[in-house]
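Data file: upload-v8.txt. Format and content: compact mmCIF, C-alpha atoms.
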# COMPACT_ATOMS: atom_id res chain seq x y z
CA ARG A 133 43.22 20.24 -18.79
CA ILE A 134 44.12 21.73 -15.42
CA MET A 135 43.92 19.23 -12.54
CA THR A 136 41.26 19.87 -9.94
CA LYS A 137 42.17 20.17 -6.25
CA SER A 138 40.50 16.79 -5.66
CA GLU A 139 42.68 15.20 -8.32
CA LYS A 140 45.82 16.77 -6.84
CA LEU A 141 44.86 15.58 -3.35
CA PHE A 142 44.22 12.07 -4.65
CA GLU A 143 47.61 12.08 -6.36
CA ARG A 144 49.17 12.85 -2.95
CA ALA A 145 46.92 10.43 -1.09
CA VAL A 146 47.78 7.31 -3.12
CA LYS A 147 51.44 7.72 -2.15
CA ARG A 148 50.72 7.52 1.57
CA ILE A 149 47.27 5.90 2.03
CA PRO A 150 46.45 2.47 0.52
CA GLY A 151 44.38 3.20 -2.57
CA GLY A 152 44.32 6.86 -1.58
CA VAL A 153 41.33 6.37 0.76
CA ASN A 154 40.81 5.29 4.36
CA SER A 155 37.83 3.07 3.50
CA PRO A 156 37.25 1.19 0.22
CA VAL A 157 33.69 2.53 -0.12
CA ARG A 158 35.14 6.00 -0.78
CA ALA A 159 37.15 4.78 -3.76
CA TYR A 160 36.19 5.84 -7.28
CA GLY A 161 38.31 3.10 -8.84
CA ALA A 162 35.29 1.32 -10.32
CA ILE A 163 34.22 4.67 -11.81
CA GLY A 164 37.64 5.54 -13.23
CA GLU A 165 37.92 8.94 -11.54
CA ALA A 166 39.54 10.55 -8.50
CA PRO A 167 37.18 10.76 -5.52
CA ARG A 168 35.79 14.16 -4.62
CA PHE A 169 37.47 15.50 -1.48
CA ILE A 170 34.84 17.13 0.71
CA GLU A 171 35.52 20.35 2.60
CA ARG A 172 32.22 20.98 4.40
CA ALA A 173 28.54 20.06 4.52
CA GLU A 174 25.27 21.72 5.45
CA GLY A 175 21.75 20.32 5.38
CA CYS A 176 21.46 18.02 2.36
CA TYR A 177 24.45 19.57 0.57
CA ILE A 178 28.15 18.78 0.58
CA TYR A 179 30.86 21.01 -0.87
CA ASP A 180 34.14 19.76 -2.30
CA VAL A 181 37.56 21.41 -2.18
CA ASP A 182 37.00 22.81 -5.69
CA GLY A 183 33.90 24.69 -4.54
CA ASN A 184 31.36 22.36 -6.18
CA ARG A 185 28.06 21.83 -4.39
CA TYR A 186 26.28 18.48 -4.49
CA ILE A 187 22.94 17.18 -3.26
CA ASP A 188 24.18 14.41 -0.97
CA TYR A 189 22.57 10.97 -0.88
CA ILE A 190 25.29 9.29 1.20
CA ASP A 191 24.59 11.08 4.51
CA SER A 192 27.98 9.86 5.80
CA TRP A 193 26.58 6.34 5.12
CA GLY A 194 23.48 6.93 7.18
CA PRO A 195 24.02 8.83 10.42
CA MET A 196 23.10 12.28 9.08
CA ILE A 197 19.38 11.53 9.23
CA LEU A 198 18.67 15.12 10.33
CA GLY A 199 20.96 16.57 7.66
CA HIS A 200 24.59 17.63 7.84
CA ASN A 201 25.86 19.96 10.55
CA PHE A 202 22.56 19.97 12.45
CA PRO A 203 22.74 23.01 14.77
CA ALA A 204 21.73 21.30 18.05
CA ILE A 205 24.22 18.47 17.48
CA ARG A 206 27.01 20.85 16.53
CA GLU A 207 26.38 22.87 19.71
CA SER A 208 26.38 19.74 21.89
CA VAL A 209 29.76 18.71 20.44
CA LEU A 210 31.32 22.13 20.99
CA LYS A 211 30.03 22.18 24.56
CA ALA A 212 31.39 18.68 25.26
CA CYS A 213 34.79 19.59 23.76
CA GLU A 214 35.16 22.43 26.25
CA LYS A 215 35.30 19.86 29.06
CA GLY A 216 37.88 17.66 27.36
CA LEU A 217 38.01 15.19 24.47
CA SER A 218 38.57 11.87 26.26
CA PHE A 219 39.10 10.69 29.82
CA GLY A 220 39.37 6.90 29.58
CA CYS A 221 37.13 6.89 32.66
CA ALA A 222 33.42 6.45 33.35
CA THR A 223 31.23 9.49 32.60
CA GLU A 224 27.65 10.47 33.39
CA ILE A 225 26.68 10.84 29.73
CA GLU A 226 27.47 7.16 29.05
CA VAL A 227 24.90 6.23 31.69
CA GLU A 228 22.39 8.67 30.21
CA MET A 229 22.90 7.21 26.73
CA ALA A 230 22.48 3.63 27.97
CA GLU A 231 19.36 4.51 29.97
CA PHE A 232 17.86 6.47 27.08
CA ILE A 233 18.23 3.58 24.62
CA CYS A 234 17.26 0.78 27.03
CA ASP A 235 14.21 2.64 28.31
CA ARG A 236 12.88 3.15 24.78
CA ILE A 237 13.93 0.07 22.81
CA PRO A 238 11.93 -2.91 24.16
CA HIS A 239 14.45 -5.57 23.09
CA VAL A 240 17.49 -3.80 24.60
CA ASP A 241 17.81 -4.42 28.35
CA MET A 242 21.53 -3.66 28.48
CA ILE A 243 23.93 -2.05 26.01
CA ARG A 244 27.71 -1.73 25.64
CA MET A 245 29.26 1.18 23.73
CA VAL A 246 32.12 0.50 21.31
CA ASN A 247 33.83 2.53 18.58
CA SER A 248 32.52 1.09 15.31
CA GLY A 249 29.96 -1.23 13.77
CA THR A 250 32.73 -3.77 13.14
CA GLU A 251 33.54 -3.86 16.86
CA ALA A 252 29.85 -4.12 17.74
CA VAL A 253 29.33 -7.17 15.51
CA MET A 254 32.56 -8.87 16.55
CA SER A 255 31.58 -8.45 20.21
CA ALA A 256 27.94 -9.52 19.74
CA ILE A 257 29.09 -12.74 18.06
CA ARG A 258 31.55 -13.44 20.86
CA VAL A 259 28.91 -12.98 23.54
CA ALA A 260 26.45 -15.16 21.55
CA ARG A 261 29.05 -17.93 21.49
CA GLY A 262 29.80 -17.43 25.17
CA TYR A 263 26.12 -17.57 26.09
CA THR A 264 25.21 -20.64 24.03
CA GLY A 265 28.47 -22.56 24.36
CA LYS A 266 28.29 -23.16 20.60
CA ASN A 267 30.69 -21.99 17.88
CA LYS A 268 28.90 -21.83 14.53
CA ILE A 269 27.43 -18.62 13.12
CA ILE A 270 25.03 -18.38 10.17
CA LYS A 271 25.34 -15.25 8.02
CA PHE A 272 23.98 -14.34 4.60
CA ALA A 273 25.79 -13.92 1.30
CA GLY A 274 26.01 -10.22 0.45
CA CYS A 275 25.38 -9.00 4.00
CA TYR A 276 28.28 -6.96 5.39
CA HIS A 277 28.96 -7.05 9.12
CA GLY A 278 32.24 -5.18 9.34
CA HIS A 279 35.75 -6.40 8.67
CA SER A 280 36.41 -8.79 11.54
CA ASP A 281 37.91 -12.05 10.23
CA ALA A 282 34.95 -14.36 10.84
CA MET A 283 32.56 -12.07 8.97
CA LEU A 284 34.62 -11.59 5.79
CA VAL A 285 32.85 -14.38 3.97
CA SER A 286 30.81 -13.25 0.96
CA ALA A 287 30.61 -9.84 2.57
CA GLY A 288 29.03 -7.48 0.03
CA SER A 289 29.48 -3.77 -0.77
CA GLY A 290 33.09 -2.55 -0.73
CA VAL A 291 34.31 -6.10 -1.23
CA MET A 292 31.97 -6.61 -4.20
CA THR A 293 33.05 -3.39 -5.90
CA SER A 294 36.74 -4.16 -5.68
CA GLY A 295 36.19 -7.60 -7.19
CA VAL A 296 37.76 -9.38 -4.19
CA PRO A 297 35.28 -12.00 -2.97
CA ASP A 298 36.65 -12.17 0.57
CA SER A 299 40.03 -11.07 1.93
CA ALA A 300 43.65 -12.12 1.95
CA GLY A 301 45.15 -12.36 5.41
CA VAL A 302 42.17 -14.18 6.94
CA PRO A 303 43.25 -17.67 8.07
CA LYS A 304 40.91 -20.49 7.07
CA GLY A 305 40.42 -21.35 10.73
CA CYS A 306 38.81 -17.95 11.38
CA THR A 307 35.93 -18.64 9.00
CA GLU A 308 35.44 -22.40 9.33
CA ASP A 309 32.60 -21.83 11.82
CA THR A 310 30.90 -19.21 9.62
CA MET A 311 28.09 -20.81 7.62
CA LEU A 312 26.69 -19.05 4.56
CA ALA A 313 22.98 -18.87 3.75
CA ALA A 314 21.08 -17.17 0.93
CA TYR A 315 19.27 -13.96 1.95
CA ASN A 316 15.47 -14.27 1.71
CA ASP A 317 15.73 -18.07 1.56
CA LEU A 318 14.58 -19.70 4.81
CA GLY A 319 15.16 -23.16 3.36
CA SER A 320 18.89 -22.46 3.05
CA VAL A 321 18.97 -21.44 6.73
CA GLU A 322 17.11 -24.52 7.92
CA THR A 323 19.47 -26.75 5.91
CA LEU A 324 22.47 -25.18 7.67
CA PHE A 325 20.86 -25.63 11.08
CA GLN A 326 20.35 -29.31 10.30
CA GLN A 327 23.92 -29.73 9.01
CA ALA A 328 25.33 -27.99 12.09
CA ASP A 329 23.90 -30.64 14.40
CA GLY A 330 22.93 -28.26 17.21
CA GLN A 331 26.14 -26.22 17.07
CA VAL A 332 24.75 -22.87 15.79
CA ALA A 333 25.28 -20.09 18.32
CA ALA A 334 23.56 -17.35 16.32
CA VAL A 335 22.11 -16.16 13.06
CA ILE A 336 23.26 -12.65 12.13
CA VAL A 337 21.41 -10.69 9.46
CA GLU A 338 21.08 -7.19 8.07
CA ALA A 339 17.33 -6.88 8.62
CA VAL A 340 17.30 -4.98 5.34
CA GLY A 341 20.16 -5.98 3.07
CA ALA A 342 21.98 -2.71 2.39
CA ASN A 343 25.47 -3.78 1.31
CA MET A 344 24.50 -5.54 -1.90
CA GLY A 345 22.41 -2.53 -2.73
CA VAL A 346 19.09 -2.32 -0.89
CA VAL A 347 17.40 -5.73 -0.71
CA PRO A 348 14.23 -5.79 1.42
CA PRO A 349 13.35 -8.92 3.40
CA ARG A 350 10.58 -10.96 1.83
CA GLU A 351 7.36 -11.12 3.82
CA GLY A 352 7.82 -13.68 6.57
CA PHE A 353 11.61 -13.97 6.17
CA LEU A 354 12.60 -12.24 9.41
CA GLN A 355 9.73 -13.91 11.27
CA GLY A 356 10.96 -17.25 9.92
CA LEU A 357 14.48 -16.56 11.18
CA ARG A 358 13.05 -15.83 14.63
CA ALA A 359 11.16 -19.13 14.60
CA LEU A 360 14.20 -21.13 13.42
CA CYS A 361 16.44 -19.59 16.09
CA ASP A 362 13.87 -20.49 18.74
CA GLN A 363 13.52 -24.03 17.38
CA TYR A 364 17.28 -24.68 17.31
CA HIS A 365 18.12 -22.72 20.49
CA ALA A 366 20.28 -20.11 18.73
CA LEU A 367 20.35 -16.33 19.19
CA LEU A 368 19.03 -13.97 16.50
CA ILE A 369 21.28 -10.95 15.95
CA PHE A 370 19.99 -8.00 13.93
CA ASP A 371 22.80 -5.93 12.43
CA GLU A 372 21.13 -2.52 12.54
CA VAL A 373 24.22 -0.44 11.83
CA ILE A 374 22.32 0.99 8.84
CA THR A 375 18.65 0.48 9.80
CA GLY A 376 18.82 1.29 13.52
CA PHE A 377 17.03 4.55 14.43
CA ARG A 378 16.57 5.11 10.67
CA LEU A 379 13.65 3.00 9.45
CA ALA A 380 11.88 3.76 12.72
CA PHE A 381 13.05 4.86 16.13
CA GLY A 382 13.16 1.18 17.10
CA GLY A 383 14.88 0.33 13.82
CA ALA A 384 14.05 -2.63 11.61
CA ALA A 385 12.93 -4.63 14.67
CA GLN A 386 10.08 -2.14 15.18
CA TYR A 387 9.50 -1.59 11.45
CA PHE A 388 9.00 -5.30 10.72
CA GLY A 389 7.72 -6.34 14.14
CA VAL A 390 10.39 -8.95 14.86
CA THR A 391 12.32 -9.15 18.13
CA PRO A 392 16.04 -10.05 18.00
CA ASP A 393 18.02 -11.34 20.98
CA LEU A 394 20.94 -9.01 20.25
CA VAL A 395 21.24 -5.91 18.09
CA THR A 396 24.23 -3.96 16.79
CA TYR A 397 24.20 -0.24 16.13
CA GLY A 398 26.69 2.06 14.45
CA LYS A 399 27.23 5.57 13.19
CA ILE A 400 23.73 6.96 13.75
CA ILE A 401 23.96 6.71 17.56
CA GLY A 402 26.95 9.04 17.37
CA ALA A 403 25.33 11.42 14.86
CA GLY A 404 28.37 10.88 12.65
CA MET A 405 31.01 10.59 15.36
CA PRO A 406 32.92 7.27 15.42
CA VAL A 407 30.76 4.98 17.56
CA GLY A 408 29.03 1.63 17.73
CA ALA A 409 27.10 -0.40 20.28
CA TYR A 410 25.68 -3.84 20.90
CA GLY A 411 22.87 -4.71 23.24
CA GLY A 412 19.94 -6.96 23.93
CA ARG A 413 18.63 -9.43 26.48
CA ARG A 414 19.86 -8.93 30.02
CA ASP A 415 20.76 -12.60 30.57
CA VAL A 416 23.00 -12.49 27.48
CA MET A 417 24.58 -9.08 28.05
CA GLU A 418 25.39 -9.84 31.72
CA LEU A 419 28.06 -12.22 30.39
CA VAL A 420 30.14 -9.28 29.11
CA ALA A 421 33.24 -8.37 31.16
CA PRO A 422 33.64 -7.17 33.83
CA ALA A 423 30.22 -8.56 34.82
CA GLY A 424 30.82 -11.90 33.13
CA LYS A 425 33.24 -14.20 31.37
CA VAL A 426 33.10 -12.79 27.81
CA TYR A 427 35.96 -10.32 27.42
CA GLN A 428 35.57 -7.10 25.44
CA ALA A 429 37.18 -3.72 26.06
CA GLY A 430 37.80 -0.34 24.43
CA THR A 431 39.79 2.64 25.70
CA LEU A 432 37.73 5.18 23.78
CA SER A 433 34.34 3.44 24.09
CA GLY A 434 31.61 5.78 25.31
CA ASN A 435 33.71 8.80 24.30
CA PRO A 436 32.04 11.87 25.90
CA VAL A 437 32.03 13.93 22.67
CA ALA A 438 30.51 11.09 20.66
CA MET A 439 27.94 10.44 23.40
CA ALA A 440 26.98 14.11 23.48
CA ALA A 441 26.42 14.17 19.71
CA GLY A 442 24.58 10.86 19.66
CA LEU A 443 22.33 11.50 22.63
CA THR A 444 21.31 14.88 21.20
CA GLN A 445 20.35 13.22 17.92
CA LEU A 446 18.49 10.30 19.53
CA LYS A 447 16.53 12.64 21.82
CA TYR A 448 15.55 14.78 18.84
CA LEU A 449 14.45 11.72 16.84
CA TYR A 450 12.45 10.37 19.78
CA ASP A 451 10.69 13.71 20.31
CA HIS A 452 10.01 14.15 16.56
CA GLN A 453 9.02 10.70 15.38
CA GLU A 454 6.97 12.26 12.60
CA ILE A 455 10.36 12.45 10.86
CA TYR A 456 10.02 8.73 10.09
CA THR A 457 6.62 9.21 8.44
CA GLU A 458 8.06 12.11 6.44
CA LEU A 459 11.08 10.03 5.38
CA GLU A 460 8.73 7.25 4.18
CA LYS A 461 6.94 9.83 2.00
CA LYS A 462 10.22 11.24 0.72
CA GLY A 463 11.37 7.71 -0.09
CA GLU A 464 8.19 7.10 -2.06
CA LEU A 465 8.67 10.41 -3.89
CA LEU A 466 12.34 9.85 -4.78
CA TYR A 467 12.67 6.09 -5.20
CA GLY A 468 9.11 5.60 -6.43
CA GLY A 469 9.75 8.47 -8.84
CA MET A 470 12.96 6.85 -10.08
CA GLY A 471 11.07 3.61 -10.59
CA LYS A 472 8.45 5.42 -12.68
CA ILE A 473 11.14 7.03 -14.84
CA VAL A 474 12.72 3.61 -15.46
CA LYS A 475 9.31 2.20 -16.44
CA GLU A 476 8.37 5.16 -18.66
CA LYS A 477 11.67 4.89 -20.52
CA GLY A 478 11.19 1.14 -20.97
CA LEU A 479 14.46 0.37 -19.18
CA ASN A 480 14.96 -3.09 -17.75
CA TYR A 481 16.27 -1.95 -14.36
CA GLN A 482 15.11 -2.58 -10.79
CA MET A 483 14.34 0.04 -8.13
CA ASN A 484 14.46 -1.39 -4.60
CA TYR A 485 13.68 0.67 -1.52
CA VAL A 486 12.56 0.56 2.10
CA GLY A 487 11.73 3.86 3.78
CA SER A 488 14.63 6.28 3.32
CA LEU A 489 16.98 3.63 1.82
CA GLY A 490 17.02 2.89 -1.90
CA SER A 491 19.03 1.42 -4.79
CA LEU A 492 18.68 1.45 -8.58
CA PHE A 493 19.98 -1.85 -9.93
CA PHE A 494 21.16 -2.03 -13.53
CA THR A 495 19.79 -5.53 -14.11
CA GLY A 496 16.72 -7.04 -15.73
CA GLN A 497 15.93 -9.48 -12.94
CA PRO A 498 14.31 -8.73 -9.57
CA VAL A 499 17.01 -8.28 -6.92
CA VAL A 500 16.18 -10.43 -3.92
CA ASP A 501 19.60 -11.72 -2.83
CA TYR A 502 23.36 -11.63 -3.47
CA VAL A 503 23.24 -13.64 -6.70
CA SER A 504 20.60 -11.43 -8.33
CA ALA A 505 22.38 -8.26 -7.11
CA LYS A 506 25.59 -9.46 -8.76
CA SER A 507 23.81 -9.69 -12.13
CA SER A 508 23.91 -5.86 -12.27
CA ASP A 509 25.76 -4.08 -15.08
CA THR A 510 28.44 -2.17 -13.14
CA VAL A 511 29.69 -0.44 -16.32
CA ALA A 512 26.22 1.02 -16.91
CA PHE A 513 26.11 2.08 -13.26
CA ALA A 514 29.50 3.81 -13.57
CA GLU A 515 28.25 5.87 -16.52
CA TYR A 516 25.07 6.78 -14.63
CA PHE A 517 27.08 7.74 -11.53
CA LYS A 518 29.47 10.00 -13.45
CA LYS A 519 26.65 11.81 -15.23
CA MET A 520 24.72 12.31 -11.99
CA LEU A 521 27.84 13.60 -10.25
CA ASN A 522 28.40 16.09 -13.05
CA MET A 523 24.82 17.28 -12.50
CA GLY A 524 25.53 17.90 -8.82
CA ILE A 525 24.05 14.69 -7.38
CA HIS A 526 26.36 12.89 -4.94
CA MET A 527 25.74 9.16 -4.43
CA ALA A 528 27.82 6.16 -3.43
CA PRO A 529 30.34 5.28 -6.18
CA SER A 530 29.17 1.65 -6.16
CA GLN A 531 26.25 -0.27 -7.59
CA PHE A 532 26.12 -2.18 -4.31
CA GLU A 533 25.56 0.65 -1.83
CA ALA A 534 22.40 2.34 -0.64
CA MET A 535 21.15 5.88 -1.18
CA PHE A 536 20.20 7.65 2.05
CA LEU A 537 17.57 10.35 2.49
CA SER A 538 17.59 12.83 5.37
CA ALA A 539 15.08 15.20 6.92
CA ALA A 540 16.94 18.00 5.12
CA HIS A 541 16.00 16.70 1.65
CA THR A 542 12.97 18.78 0.68
CA ASP A 543 10.40 17.76 -1.93
CA GLU A 544 11.83 20.45 -4.21
CA ILE A 545 15.33 19.00 -3.94
CA ILE A 546 13.97 15.51 -4.61
CA MET A 547 12.17 16.80 -7.73
CA GLU A 548 15.41 18.43 -8.85
CA THR A 549 17.10 15.04 -8.43
CA LEU A 550 14.38 13.29 -10.43
CA ASP A 551 14.83 15.82 -13.25
CA ALA A 552 18.51 14.85 -13.35
CA VAL A 553 17.63 11.13 -13.40
CA LYS A 554 15.30 11.74 -16.38
CA LEU A 555 18.11 13.39 -18.33
CA VAL A 556 20.75 10.82 -17.40
CA LEU A 557 18.93 7.51 -17.91

Would you mind giving the structure from this file in C-alpha cells?
Amino acid sequence: RIMTKSEKLFERAVKRIPGGVNSPVRAYGAIGEAPRFIERAEGCYIYDVDGNRYIDYIDSWGPMILGHNFPAIRESVLKACEKGLSFGCATEIEVEMAEFICDRIPHVDMIRMVNSGTEAVMSAIRVARGYTGKNKIIKFAGCYHGHSDAMLVSAGSGVMTSGVPDSAGVPKGCTEDTMLAAYNDLGSVETLFQQADGQVAAVIVEAVGANMGVVPPREGFLQGLRALCDQYHALLIFDEVITGFRLAFGGAAQYFGVTPDLVTYGKIIGAGMPVGAYGGRRDVMELVAPAGKVYQAGTLSGNPVAMAAGLTQLKYLYDHQEIYTELEKKGELLYGGMGKIVKEKGLNYQMNYVGSLGSLFFTGQPVVDYVSAKSSDTVAFAEYFKKMLNMGIHMAPSQFEAMFLSAAHTDEIIMETLDAVKLVL
C-alpha cells in the first residue's frame, strides 16, 4: 500500500515534535492511525493534504461556531494584518473588545485578555486567591482547565485518552491546595468545604463538563455551587472556554441562569485565533496588575489581529442571536437522531448533549460524572471513529471529547451524518 501524504507527514513529525502533534488531543494513538493533516477548511468541511473532504464536527474545538473561514472574519483579519501583526503596545481594538463584552455580559464588569484558556484559568485562580486571602481551590474530577500545574489533577480529555492520570513534572506542592470533588455531586463539594476549614478561595467548574465527553449539569447543581460559595465566602469560577458564547451569547451562565464571580473564555472570542480572557466582578478584577497586587502579564495579550477576528465574530453573534435557537434545533436533530438510532438498534450506549455540544458514550450506564464516563469502551469507540472517518465524518479521535455543531451544518448535512451513523453502529 502506498503511504498517504498524511502518513508521510506524521512520519516526519514524530522525529521533531513530541508524539508528532502539538497538542495531545490531535493524536490518533488511541485509534492506531496517523492523524489527518488538514490543508484548508470552508463552512462545515475540512480538506486534508490527500484531497479528502470531511464533514467537520470539531470546529477547531469550538470557536468556528459560524463555520470555517467565515468571510467577514477572514476580511477583518486581512485588514488588521495590513496594519501590522503585533505592537506590544495598547491598541484601540482591545478597548472596543473589552467594552463590547462588559456591556453585554451582566456578570463581567472588567476583563483581561490573555493568549489561551490555560492562561485565563491560571490567572483567574491567582486573582481569586489574592482577593480572598485563601489558598485552596475545589475542582471536579474529569473537568479540564488547561495545563497549569495546579489544575492537572484528574483533568479529563487528552489526559484520559493517553492513559496518564495526571502529569509527570508537577511537584506535589503545586497540587496540595487543589481539592477534588465529584461533578454533579453537591455533597462531595460541601464535604470539601467543611474539611478545608474556611480556606477555600474558589470553586472552578466547567458549567457543562466537556472534557470527559459531554456531561450536562444536573438540575440544581450549578445553583447549589453558587449557594455553597456564598455560604463559605468563596468565589465561583465558570470555565467557559468551551461553553462561552456557544450555548448562548452569555454562555452557560445565561443558559442555566447562574451568575459566577469570575469567568474564563478561550478560542471562541478570537474566532479561532490564539486567545483567552478572564473577567468578572469589578472588585475582584481591580486587584490585577497594574491596578492591583495580583501580577499577570502577557506580551502578545490583546493581539490586534486576534481582537479583530474575535470582535467581528462576537458582533455577528450578538446581532444574530437566532443562531443559538437554530443550533439548539440542529443539536436535537443530530444528537437526538443519534440517540434514536442507538435505541432502535438496541445498543446499550448513552447519548449526552446540551445545545450544539454532544457525545456518544460506549457504555451501558448513564454518564453523569468522571467515573461513569471512564466506564466507556474505548476500543468500541476507536472502531466507530475509524469507520466514520472513512465515511467522511471528522470527529475528535477520543471518546472523551465533545462534538461541535456550527451554523454552517445544514439539516441535509446532519441527515447525511445520521445515515453514516446508521451504517456504522

Problem - Selection near region 316-318 of chain A, 7 Å with all atoms listed in the file, sequence-local residues under 4 positions removed, as a list in words - result: Glu322, Pro349, Arg350, Phe353, Gly356, Val500 and Asp501 of chain A

Practice task
Identify which of the residues A:Asn267, A:Ser208, A:Ser530, A:Asn522 lies closest to Ile187 (chain A), counting all atoms listed in the file when measuring atom-to-atom distances.
Solution key: A:Asn522

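The shortest atom-to-atom distance to Thr431 (chain A), with all atoms listed in the file taken into account, belongs to A:Ala222 out of A:Ala528, A:Leu354, A:Ala222, A:Ala166.
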
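Proximity to Glu544 (chain A) was assessed for A:Met242, A:Gly216, A:Gln531, A:Lys462 counting all atoms listed in the file; the smallest distance is recorded for A:Lys462.
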
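The coordinates place CA of Glu460 (chain A) at 16.4 Å from CA of Ala385 (chain A).
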
Exercise for the section: Would you list the contacts of region 143-148 of chain A as a PyMOL selection string, taking every protein, DNA or RNA residue within 12 Å and counting all atoms listed in the file, but skipping same-chain residues closer than 6 positions in sequence? Expected result: chain A and resi 135-137+154+159+161+165-167+169

Once 5 Å is added on each side, what centre and edge lengths in Å to one decimal does the axis-aligned box around all listed atoms of region 395-408 of chain A have, as JSON?
{"center_x": 27.1, "center_y": 2.8, "center_z": 15.4, "size_x": 21.7, "size_y": 27.3, "size_z": 15.4}

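With distances restricted to all atoms listed in the file, A:Phe381 is the closest residue to Leu449 (chain A) from A:Asn184, A:Phe532, A:Phe381, A:Ile545.
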
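For the atom pair formed by CA of Ser138 (chain A) and CA of Val181 (chain A), the distance is 6.5 Å, given to one decimal.
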
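Take the candidates A:Gly151, A:Gly471, A:Gly442, A:Pro156 and check each one against Gly398 (chain A) using all atoms listed in the file; the shortest distance goes to A:Gly442.
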
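Across A:Asp191, A:Glu515, A:Asp362, A:Asp241, the tightest approach to Val416 (chain A) is made by A:Asp241 when counting only C-alpha atoms.
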
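From CA of Ala441 (chain A) back to CA of Met405 (chain A), the distance works out to 7.3 Å.
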